[in-house]
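Here's the structure, in structure tokens; my notes come after.
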Protein chains: 4
Amino acid sequence: MSQDDSVETTFPVRYAETDQMGVAHHASYIVWMEEGRSQYMRAKGCAYEQIEREGVYFAVAEVNVRYRAPARYGEQVTVRTWIDDLRSRAVTFGYEIVNAESRDQLVTGQVKLVLMDRQGRAARIPDALQSALHGS
Amino acid sequence: MSQDDSVETTFPVRYAETDQMGVAHHASYIVWMEEGRSQYMRAKGCAYEQIEREGVYFAVAEVNVRYRAPARYGEQVTVRTWIDDLRSRAVTFGYEIVNAESRDQLVTGQVKLVLMDRQGRAARIPDALQSALHGS
Amino acid sequence: MSQDDSVETTFPVRYAETDQMGVAHHASYIVWMEEGRSQYMRAKGCAYEQIEREGVYFAVAEVNVRYRAPARYGEQVTVRTWIDDLRSRAVTFGYEIVNAESRDQLVTGQVKLVLMDRQGRAARIPDALQSALHGS
Amino acid sequence: MSQDDSVETTFPVRYAETDQMGVAHHASYIVWMEEGRSQYMRAKGCAYEQIEREGVYFAVAEVNVRYRAPARYGEQVTVRTWIDDLRSRAVTFGYEIVNAESRDQLVTGQVKLVLMDRQGRAARIPDALQSALHGS
């Protein structure tokens, strides 16, 4: 449960993700962090598509992002994802997005998720999922 | 079932909808046509949110769009929506997107939808829905 | 420079803005806050499209959002926008997104923007723009 | 200038790309085709980011898409891109999107682009770019 267990995901910035400022739109990074989280969970053996099939889901409760430098169309970006905090009903992922080539830091962020059942009630994260998220 | 029964929806172009070419991205117009279709169905008394609650949904089968002039951030655009063709299992909507102020034509398009049940099988469009879509 | 000077913008949730959880995707609210900011600036006489034409732009430096309840397709949402903090080179907007009908609170957030020139250097916010943003 | 010279690009479906029907939203495929085109042009030595730097750009004139089967979150999709038609001022790309694992066909489409200069006038595609697009 530290940055040492981080998982990296790399992909190119898409044209549709830019805006008329000539750089990636600030909402794009939030989609990229979600994709980083998907890859993190697959790498740790608890793919999110499997979790939803079991009738629970992670609802986003909080998003905090700091933008330090822009990403541009055609550049490769790397999303580094790790777990910042893990509670009985909530998990907070930490993120760093860097330029894949220069490793310059572009964005840092945190996203807090709460486990919910089909009725929208907060649910306890099962032990097996807790262990998988820990990556241990 | 002609352009005479069209429904108009007007809204401003959002910053997030632009790309680095300085104009609205071509996928944005497809989202706008879908919003025009939502407003058309509400105006005709067959809101799509109600249709899904009844256990069927309209899957997109075909999209054809011609781009004639660009929309820009801050401009108001008007989506004009009508029904081009109505069959037992499919409906094709026609669209014209214009600048709301100048009425200059920006985009024209057609989207064909097929009614599906929860199992993903094509379903017959019920008579009541056929009548409502006709707007008669 | 308080919630008393807030500007409200109302629009329906689009189908494209939902995800397979059946509610609006968390990145959609960030686009809505940006649209709220656009309407705030138009209402105060300092439309952002005009600002960019003068060769400066507002780059997003920070986004902080708390999600309290979901928005659903077809519902009308209202974005309430005000200025939380105004400095010589930066402005922080405050937001509340509510269901337009019930006025139930869905999301609260803050977005910090830094004024930049064409070369990407932080620039001083001109006095006239400071006054307009104050809404005084 | 045939399907033999096609370039393939593979990536996972993102959660943000789904809608409440539980599958990828139909506008997502249009963004994927654009990404396929970006990779095609990089593979042929005429990266689009370089073309824009030279002061011309490709404006989308026409989009035609047929949806045959849905893509779902977590699946890998492959966009196969080739050139269907190449004229003095316009190029039409052909696309097939398949499930990367099963190779089941999901979507086929065509996008016609017109070369424009900074003033928005149609421009002749330079010989070097014509040759590169041919892939010869």
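The chains in the structure tokens are called A, B, ... from first to last as shown; in each chain the residues are counted from 1, and the ligands are counted from 1 in the order shown.
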Residue list for chain B near chain A as a ChimeraX atom specification, 12 Å, only C-alpha atoms: /B:14-28,72-73
Alpha helix (DSSP H) residues, from DSSP on the backbone, in segment 2-131 of chain C, as a ChimeraX atom specification: /C:26-43,48-53,127-131
Mobile chain C fitted to chain B over all in-order Cα pairs, reported as a compact mmCIF listing (two decimals) with N, CA and C atoms, in the first residue's frame:
```txt
# COMPACT_ATOMS: atom_id res chain seq x y z
N MET C 1 -44.46 12.37 -40.26
CA MET C 1 -43.17 11.75 -40.57
C MET C 1 -42.46 12.53 -41.67
N SER C 2 -42.24 13.83 -41.39
CA SER C 2 -41.53 14.66 -42.36
C SER C 2 -40.82 15.76 -41.58
N GLN C 3 -40.09 16.59 -42.31
CA GLN C 3 -39.37 17.68 -41.67
C GLN C 3 -40.33 18.69 -41.05
N ASP C 4 -41.63 18.63 -41.44
CA ASP C 4 -42.60 19.57 -40.86
C ASP C 4 -42.83 19.31 -39.38
N ASP C 5 -42.60 18.05 -38.95
CA ASP C 5 -42.82 17.72 -37.54
C ASP C 5 -41.52 17.82 -36.75
N SER C 6 -40.55 18.55 -37.23
CA SER C 6 -39.25 18.58 -36.56
C SER C 6 -39.34 19.31 -35.22
N VAL C 7 -38.42 18.95 -34.33
CA VAL C 7 -38.30 19.57 -33.00
C VAL C 7 -36.92 20.21 -32.92
N GLU C 8 -36.85 21.43 -32.41
CA GLU C 8 -35.57 22.15 -32.32
C GLU C 8 -35.08 22.21 -30.88
N THR C 9 -33.78 22.02 -30.71
CA THR C 9 -33.11 22.09 -29.41
C THR C 9 -31.91 23.01 -29.56
N THR C 10 -31.76 23.97 -28.68
CA THR C 10 -30.68 24.95 -28.81
C THR C 10 -29.83 24.98 -27.54
N PHE C 11 -28.52 25.01 -27.70
CA PHE C 11 -27.60 25.10 -26.55
C PHE C 11 -26.26 25.65 -27.03
N PRO C 12 -25.43 26.16 -26.09
CA PRO C 12 -24.13 26.70 -26.49
C PRO C 12 -23.09 25.59 -26.67
N VAL C 13 -22.13 25.81 -27.58
CA VAL C 13 -20.98 24.92 -27.73
C VAL C 13 -20.12 25.03 -26.48
N ARG C 14 -19.76 23.90 -25.88
CA ARG C 14 -18.93 23.89 -24.67
C ARG C 14 -17.44 23.90 -25.02
N TYR C 15 -16.66 24.47 -24.12
CA TYR C 15 -15.20 24.51 -24.35
C TYR C 15 -14.63 23.10 -24.52
N ALA C 16 -15.09 22.17 -23.69
CA ALA C 16 -14.59 20.78 -23.74
C ALA C 16 -14.90 20.11 -25.07
N GLU C 17 -15.85 20.65 -25.83
CA GLU C 17 -16.24 20.06 -27.11
C GLU C 17 -15.35 20.52 -28.26
N THR C 18 -14.48 21.49 -28.02
CA THR C 18 -13.56 21.94 -29.07
C THR C 18 -12.33 21.04 -29.09
N ASP C 19 -11.55 21.14 -30.18
CA ASP C 19 -10.25 20.48 -30.24
C ASP C 19 -9.20 21.50 -30.69
N GLN C 20 -7.98 21.06 -30.87
CA GLN C 20 -6.90 22.03 -31.13
C GLN C 20 -6.99 22.65 -32.52
N MET C 21 -7.97 22.23 -33.34
CA MET C 21 -8.22 22.92 -34.61
C MET C 21 -8.97 24.23 -34.35
N GLY C 22 -9.45 24.40 -33.08
CA GLY C 22 -10.12 25.65 -32.72
C GLY C 22 -11.62 25.64 -32.97
N VAL C 23 -12.15 24.47 -33.32
CA VAL C 23 -13.59 24.33 -33.59
C VAL C 23 -14.13 23.10 -32.86
N ALA C 24 -15.44 22.91 -32.87
CA ALA C 24 -16.02 21.74 -32.21
C ALA C 24 -15.52 20.46 -32.88
N HIS C 25 -15.13 19.48 -32.10
CA HIS C 25 -14.65 18.19 -32.60
C HIS C 25 -15.80 17.46 -33.31
N HIS C 26 -15.47 16.70 -34.35
CA HIS C 26 -16.54 16.09 -35.16
C HIS C 26 -17.39 15.08 -34.39
N ALA C 27 -16.86 14.48 -33.33
CA ALA C 27 -17.69 13.56 -32.54
C ALA C 27 -18.71 14.31 -31.67
N SER C 28 -18.47 15.59 -31.40
CA SER C 28 -19.40 16.37 -30.58
C SER C 28 -20.78 16.46 -31.23
N TYR C 29 -20.80 16.61 -32.56
CA TYR C 29 -22.07 16.76 -33.27
C TYR C 29 -22.94 15.51 -33.13
N ILE C 30 -22.29 14.36 -32.98
CA ILE C 30 -23.03 13.11 -32.84
C ILE C 30 -23.70 13.05 -31.47
N VAL C 31 -23.02 13.58 -30.45
CA VAL C 31 -23.63 13.70 -29.12
C VAL C 31 -24.77 14.72 -29.17
N TRP C 32 -24.60 15.79 -29.91
CA TRP C 32 -25.67 16.80 -30.03
C TRP C 32 -26.90 16.22 -30.74
N MET C 33 -26.67 15.40 -31.77
CA MET C 33 -27.81 14.78 -32.47
C MET C 33 -28.55 13.86 -31.50
N GLU C 34 -27.80 13.14 -30.66
CA GLU C 34 -28.45 12.28 -29.66
C GLU C 34 -29.28 13.11 -28.69
N GLU C 35 -28.78 14.28 -28.30
CA GLU C 35 -29.54 15.15 -27.41
C GLU C 35 -30.77 15.71 -28.14
N GLY C 36 -30.63 16.01 -29.42
CA GLY C 36 -31.78 16.44 -30.22
C GLY C 36 -32.85 15.35 -30.25
N ARG C 37 -32.42 14.10 -30.41
CA ARG C 37 -33.34 12.95 -30.42
C ARG C 37 -34.04 12.82 -29.07
N SER C 38 -33.29 13.01 -27.97
CA SER C 38 -33.90 12.97 -26.63
C SER C 38 -35.01 14.00 -26.51
N GLN C 39 -34.75 15.22 -26.98
CA GLN C 39 -35.76 16.29 -26.87
C GLN C 39 -36.92 16.02 -27.81
N TYR C 40 -36.65 15.45 -28.99
CA TYR C 40 -37.73 15.10 -29.92
C TYR C 40 -38.69 14.12 -29.24
N MET C 41 -38.12 13.09 -28.62
CA MET C 41 -38.97 12.05 -28.03
C MET C 41 -39.75 12.58 -26.82
N ARG C 42 -39.11 13.48 -26.03
CA ARG C 42 -39.86 14.09 -24.91
C ARG C 42 -41.02 14.94 -25.46
N ALA C 43 -40.75 15.68 -26.54
CA ALA C 43 -41.79 16.57 -27.11
C ALA C 43 -42.96 15.76 -27.66
N LYS C 44 -42.68 14.54 -28.11
CA LYS C 44 -43.73 13.71 -28.72
C LYS C 44 -44.38 12.79 -27.68
N GLY C 45 -43.98 12.92 -26.41
CA GLY C 45 -44.63 12.13 -25.36
C GLY C 45 -44.10 10.71 -25.21
N CYS C 46 -42.94 10.43 -25.79
CA CYS C 46 -42.37 9.08 -25.64
C CYS C 46 -40.91 9.20 -25.21
N ALA C 47 -40.71 9.84 -24.05
CA ALA C 47 -39.35 10.09 -23.55
C ALA C 47 -38.55 8.79 -23.49
N TYR C 48 -37.31 8.83 -23.97
CA TYR C 48 -36.51 7.61 -24.04
C TYR C 48 -36.20 7.03 -22.67
N GLU C 49 -36.06 7.91 -21.65
CA GLU C 49 -35.81 7.39 -20.30
C GLU C 49 -36.96 6.47 -19.86
N GLN C 50 -38.18 6.76 -20.32
CA GLN C 50 -39.34 5.94 -19.99
C GLN C 50 -39.29 4.61 -20.75
N ILE C 51 -38.86 4.67 -22.01
CA ILE C 51 -38.77 3.46 -22.84
C ILE C 51 -37.82 2.44 -22.23
N GLU C 52 -36.63 2.91 -21.78
CA GLU C 52 -35.66 1.98 -21.18
C GLU C 52 -36.22 1.35 -19.91
N ARG C 53 -37.01 2.13 -19.16
CA ARG C 53 -37.61 1.57 -17.93
C ARG C 53 -38.55 0.41 -18.23
N GLU C 54 -39.08 0.38 -19.46
CA GLU C 54 -39.98 -0.72 -19.85
C GLU C 54 -39.23 -1.93 -20.39
N GLY C 55 -37.86 -1.86 -20.36
CA GLY C 55 -37.08 -3.06 -20.65
C GLY C 55 -36.65 -3.22 -22.10
N VAL C 56 -36.86 -2.19 -22.91
CA VAL C 56 -36.33 -2.23 -24.28
C VAL C 56 -35.46 -1.01 -24.49
N TYR C 57 -34.61 -1.04 -25.50
CA TYR C 57 -33.78 0.13 -25.77
C TYR C 57 -33.49 0.23 -27.27
N PHE C 58 -33.13 1.44 -27.68
CA PHE C 58 -32.79 1.68 -29.08
C PHE C 58 -31.27 1.62 -29.24
N ALA C 59 -30.79 0.63 -29.98
CA ALA C 59 -29.36 0.51 -30.26
C ALA C 59 -29.06 1.21 -31.59
N VAL C 60 -27.96 1.97 -31.62
CA VAL C 60 -27.58 2.67 -32.85
C VAL C 60 -27.03 1.66 -33.86
N ALA C 61 -27.60 1.67 -35.06
CA ALA C 61 -27.17 0.74 -36.10
C ALA C 61 -26.35 1.44 -37.19
N GLU C 62 -26.60 2.72 -37.38
CA GLU C 62 -25.94 3.42 -38.49
C GLU C 62 -25.89 4.91 -38.20
N VAL C 63 -24.77 5.55 -38.50
CA VAL C 63 -24.60 7.00 -38.37
C VAL C 63 -23.99 7.52 -39.67
N ASN C 64 -24.63 8.54 -40.26
CA ASN C 64 -24.10 9.17 -41.48
C ASN C 64 -24.17 10.68 -41.29
N VAL C 65 -23.01 11.34 -41.37
CA VAL C 65 -22.96 12.77 -41.08
C VAL C 65 -22.14 13.49 -42.16
N ARG C 66 -22.64 14.66 -42.59
CA ARG C 66 -21.87 15.52 -43.49
C ARG C 66 -21.60 16.84 -42.79
N TYR C 67 -20.34 17.24 -42.77
CA TYR C 67 -19.90 18.45 -42.09
C TYR C 67 -19.71 19.54 -43.14
N ARG C 68 -20.42 20.66 -42.98
CA ARG C 68 -20.40 21.70 -44.01
C ARG C 68 -19.70 22.96 -43.51
N ALA C 69 -19.84 23.27 -42.23
CA ALA C 69 -19.17 24.45 -41.66
C ALA C 69 -18.98 24.18 -40.17
N PRO C 70 -17.93 24.74 -39.57
CA PRO C 70 -17.63 24.43 -38.17
C PRO C 70 -18.45 25.24 -37.17
N ALA C 71 -18.70 24.65 -35.99
CA ALA C 71 -19.26 25.37 -34.85
C ALA C 71 -18.11 25.75 -33.93
N ARG C 72 -18.23 26.90 -33.26
CA ARG C 72 -17.15 27.40 -32.41
C ARG C 72 -17.63 27.60 -30.98
N TYR C 73 -16.71 27.49 -30.04
CA TYR C 73 -16.99 27.72 -28.61
C TYR C 73 -17.75 29.02 -28.40
N GLY C 74 -18.81 28.95 -27.63
CA GLY C 74 -19.55 30.14 -27.27
C GLY C 74 -20.74 30.41 -28.17
N GLU C 75 -20.70 29.86 -29.40
CA GLU C 75 -21.84 30.00 -30.29
C GLU C 75 -22.99 29.14 -29.81
N GLN C 76 -24.22 29.57 -30.09
CA GLN C 76 -25.40 28.75 -29.85
C GLN C 76 -25.66 27.93 -31.12
N VAL C 77 -25.89 26.63 -30.93
CA VAL C 77 -26.26 25.79 -32.06
C VAL C 77 -27.67 25.25 -31.86
N THR C 78 -28.38 25.06 -32.95
CA THR C 78 -29.73 24.50 -32.91
C THR C 78 -29.73 23.17 -33.66
N VAL C 79 -30.17 22.12 -32.98
CA VAL C 79 -30.32 20.80 -33.62
C VAL C 79 -31.79 20.66 -34.00
N ARG C 80 -32.06 20.48 -35.29
CA ARG C 80 -33.41 20.23 -35.76
C ARG C 80 -33.52 18.73 -36.02
N THR C 81 -34.51 18.08 -35.42
CA THR C 81 -34.63 16.61 -35.44
C THR C 81 -36.00 16.22 -35.99
N TRP C 82 -36.03 15.24 -36.87
CA TRP C 82 -37.31 14.72 -37.38
C TRP C 82 -37.13 13.24 -37.67
N ILE C 83 -38.21 12.58 -38.08
CA ILE C 83 -38.14 11.16 -38.42
C ILE C 83 -38.12 11.02 -39.93
N ASP C 84 -37.07 10.36 -40.43
CA ASP C 84 -36.90 10.15 -41.87
C ASP C 84 -37.58 8.88 -42.33
N ASP C 85 -37.58 7.86 -41.46
CA ASP C 85 -38.10 6.56 -41.86
C ASP C 85 -38.48 5.79 -40.61
N LEU C 86 -39.61 5.09 -40.67
CA LEU C 86 -40.08 4.33 -39.51
C LEU C 86 -40.55 2.98 -39.98
N ARG C 87 -39.86 1.93 -39.50
CA ARG C 87 -40.19 0.55 -39.88
C ARG C 87 -40.66 -0.21 -38.64
N SER C 88 -40.99 -1.47 -38.81
CA SER C 88 -41.53 -2.24 -37.68
C SER C 88 -40.50 -2.43 -36.56
N ARG C 89 -39.21 -2.48 -36.90
CA ARG C 89 -38.18 -2.71 -35.89
C ARG C 89 -37.11 -1.63 -35.86
N ALA C 90 -37.22 -0.63 -36.71
CA ALA C 90 -36.16 0.37 -36.80
C ALA C 90 -36.73 1.74 -37.10
N VAL C 91 -36.02 2.76 -36.64
CA VAL C 91 -36.42 4.14 -36.92
C VAL C 91 -35.16 4.92 -37.32
N THR C 92 -35.28 5.76 -38.34
CA THR C 92 -34.16 6.60 -38.77
C THR C 92 -34.52 8.07 -38.53
N PHE C 93 -33.70 8.72 -37.72
CA PHE C 93 -33.89 10.14 -37.45
C PHE C 93 -33.05 10.95 -38.43
N GLY C 94 -33.61 12.08 -38.87
CA GLY C 94 -32.88 13.04 -39.69
C GLY C 94 -32.54 14.26 -38.84
N TYR C 95 -31.40 14.88 -39.14
CA TYR C 95 -30.92 16.01 -38.34
C TYR C 95 -30.35 17.10 -39.23
N GLU C 96 -30.56 18.32 -38.78
CA GLU C 96 -29.84 19.45 -39.34
C GLU C 96 -29.36 20.28 -38.15
N ILE C 97 -28.07 20.60 -38.12
CA ILE C 97 -27.53 21.46 -37.07
C ILE C 97 -27.17 22.79 -37.71
N VAL C 98 -27.71 23.87 -37.16
CA VAL C 98 -27.45 25.21 -37.70
C VAL C 98 -26.93 26.12 -36.59
N ASN C 99 -26.26 27.19 -36.99
CA ASN C 99 -25.93 28.25 -36.05
C ASN C 99 -27.25 28.91 -35.65
N ALA C 100 -27.49 29.01 -34.31
CA ALA C 100 -28.80 29.45 -33.85
C ALA C 100 -29.11 30.89 -34.24
N GLU C 101 -28.07 31.70 -34.41
CA GLU C 101 -28.27 33.11 -34.71
C GLU C 101 -28.40 33.35 -36.22
N SER C 102 -27.41 32.87 -36.97
CA SER C 102 -27.39 33.14 -38.41
C SER C 102 -28.24 32.14 -39.19
N ARG C 103 -28.59 31.01 -38.57
CA ARG C 103 -29.28 29.89 -39.22
C ARG C 103 -28.42 29.27 -40.34
N ASP C 104 -27.13 29.57 -40.39
CA ASP C 104 -26.24 28.91 -41.35
C ASP C 104 -26.18 27.42 -41.04
N GLN C 105 -26.26 26.60 -42.09
CA GLN C 105 -26.21 25.16 -41.91
C GLN C 105 -24.79 24.70 -41.61
N LEU C 106 -24.62 23.91 -40.55
CA LEU C 106 -23.30 23.41 -40.15
C LEU C 106 -23.14 21.93 -40.50
N VAL C 107 -24.14 21.15 -40.17
CA VAL C 107 -24.03 19.69 -40.30
C VAL C 107 -25.40 19.12 -40.63
N THR C 108 -25.43 18.07 -41.47
CA THR C 108 -26.65 17.29 -41.66
C THR C 108 -26.33 15.83 -41.36
N GLY C 109 -27.33 15.06 -40.93
CA GLY C 109 -27.03 13.67 -40.60
C GLY C 109 -28.27 12.82 -40.47
N GLN C 110 -28.02 11.52 -40.42
CA GLN C 110 -29.06 10.52 -40.19
C GLN C 110 -28.52 9.49 -39.22
N VAL C 111 -29.37 9.05 -38.30
CA VAL C 111 -28.99 7.98 -37.36
C VAL C 111 -30.11 6.94 -37.36
N LYS C 112 -29.75 5.70 -37.66
CA LYS C 112 -30.71 4.60 -37.65
C LYS C 112 -30.61 3.81 -36.35
N LEU C 113 -31.74 3.59 -35.72
CA LEU C 113 -31.80 2.88 -34.44
C LEU C 113 -32.66 1.65 -34.59
N VAL C 114 -32.27 0.57 -33.90
CA VAL C 114 -33.03 -0.68 -33.92
C VAL C 114 -33.51 -0.95 -32.50
N LEU C 115 -34.79 -1.30 -32.33
CA LEU C 115 -35.29 -1.60 -30.99
C LEU C 115 -34.80 -2.99 -30.57
N MET C 116 -34.27 -3.07 -29.33
CA MET C 116 -33.71 -4.32 -28.82
C MET C 116 -34.34 -4.63 -27.47
N ASP C 117 -34.45 -5.93 -27.18
CA ASP C 117 -34.87 -6.30 -25.82
C ASP C 117 -33.63 -6.53 -24.96
N ARG C 118 -33.85 -6.85 -23.69
CA ARG C 118 -32.73 -7.00 -22.74
C ARG C 118 -31.72 -8.04 -23.18
N GLN C 119 -32.18 -9.01 -24.00
CA GLN C 119 -31.27 -10.07 -24.45
C GLN C 119 -30.54 -9.68 -25.74
N GLY C 120 -30.78 -8.43 -26.19
CA GLY C 120 -30.06 -7.97 -27.37
C GLY C 120 -30.68 -8.44 -28.67
N ARG C 121 -31.94 -8.90 -28.62
CA ARG C 121 -32.62 -9.33 -29.85
C ARG C 121 -33.47 -8.19 -30.40
N ALA C 122 -33.50 -8.03 -31.71
CA ALA C 122 -34.35 -7.01 -32.32
C ALA C 122 -35.80 -7.25 -31.92
N ALA C 123 -36.49 -6.16 -31.59
CA ALA C 123 -37.87 -6.26 -31.13
C ALA C 123 -38.77 -5.38 -31.99
N ARG C 124 -40.06 -5.72 -32.06
CA ARG C 124 -41.02 -4.92 -32.82
C ARG C 124 -41.33 -3.65 -32.04
N ILE C 125 -41.36 -2.51 -32.71
CA ILE C 125 -41.72 -1.25 -32.05
C ILE C 125 -43.22 -1.27 -31.77
N PRO C 126 -43.63 -1.18 -30.49
CA PRO C 126 -45.06 -1.25 -30.16
C PRO C 126 -45.86 -0.17 -30.87
N ASP C 127 -47.17 -0.45 -31.13
CA ASP C 127 -48.02 0.49 -31.86
C ASP C 127 -48.05 1.88 -31.21
N ALA C 128 -48.14 1.90 -29.88
CA ALA C 128 -48.25 3.19 -29.19
C ALA C 128 -46.99 4.03 -29.42
N LEU C 129 -45.82 3.36 -29.42
CA LEU C 129 -44.56 4.07 -29.66
C LEU C 129 -44.48 4.51 -31.12
N GLN C 130 -44.93 3.66 -32.03
CA GLN C 130 -44.97 4.03 -33.46
C GLN C 130 -45.78 5.33 -33.64
N SER C 131 -46.96 5.36 -33.00
CA SER C 131 -47.83 6.53 -33.14
C SER C 131 -47.18 7.78 -32.55
N ALA C 132 -46.58 7.60 -31.37
CA ALA C 132 -45.96 8.74 -30.71
C ALA C 132 -44.80 9.29 -31.55
N LEU C 133 -43.99 8.39 -32.10
CA LEU C 133 -42.85 8.83 -32.91
C LEU C 133 -43.35 9.59 -34.15
N HIS C 134 -44.47 9.12 -34.73
CA HIS C 134 -45.07 9.83 -35.86
C HIS C 134 -45.46 11.25 -35.46
N GLY C 135 -45.70 11.41 -34.16
CA GLY C 135 -46.07 12.75 -33.69
C GLY C 135 -47.52 13.07 -33.99
N SER C 136 -48.25 11.99 -34.29
CA SER C 136 -49.67 12.21 -34.64
C SER C 136 -50.56 11.91 -33.45
```
Sel. of strand (DSSP E or B) residues, segment 34-129 of chain C, as a ChimeraX atom specification: /C:56-67,76-86,90-99,105-117,122
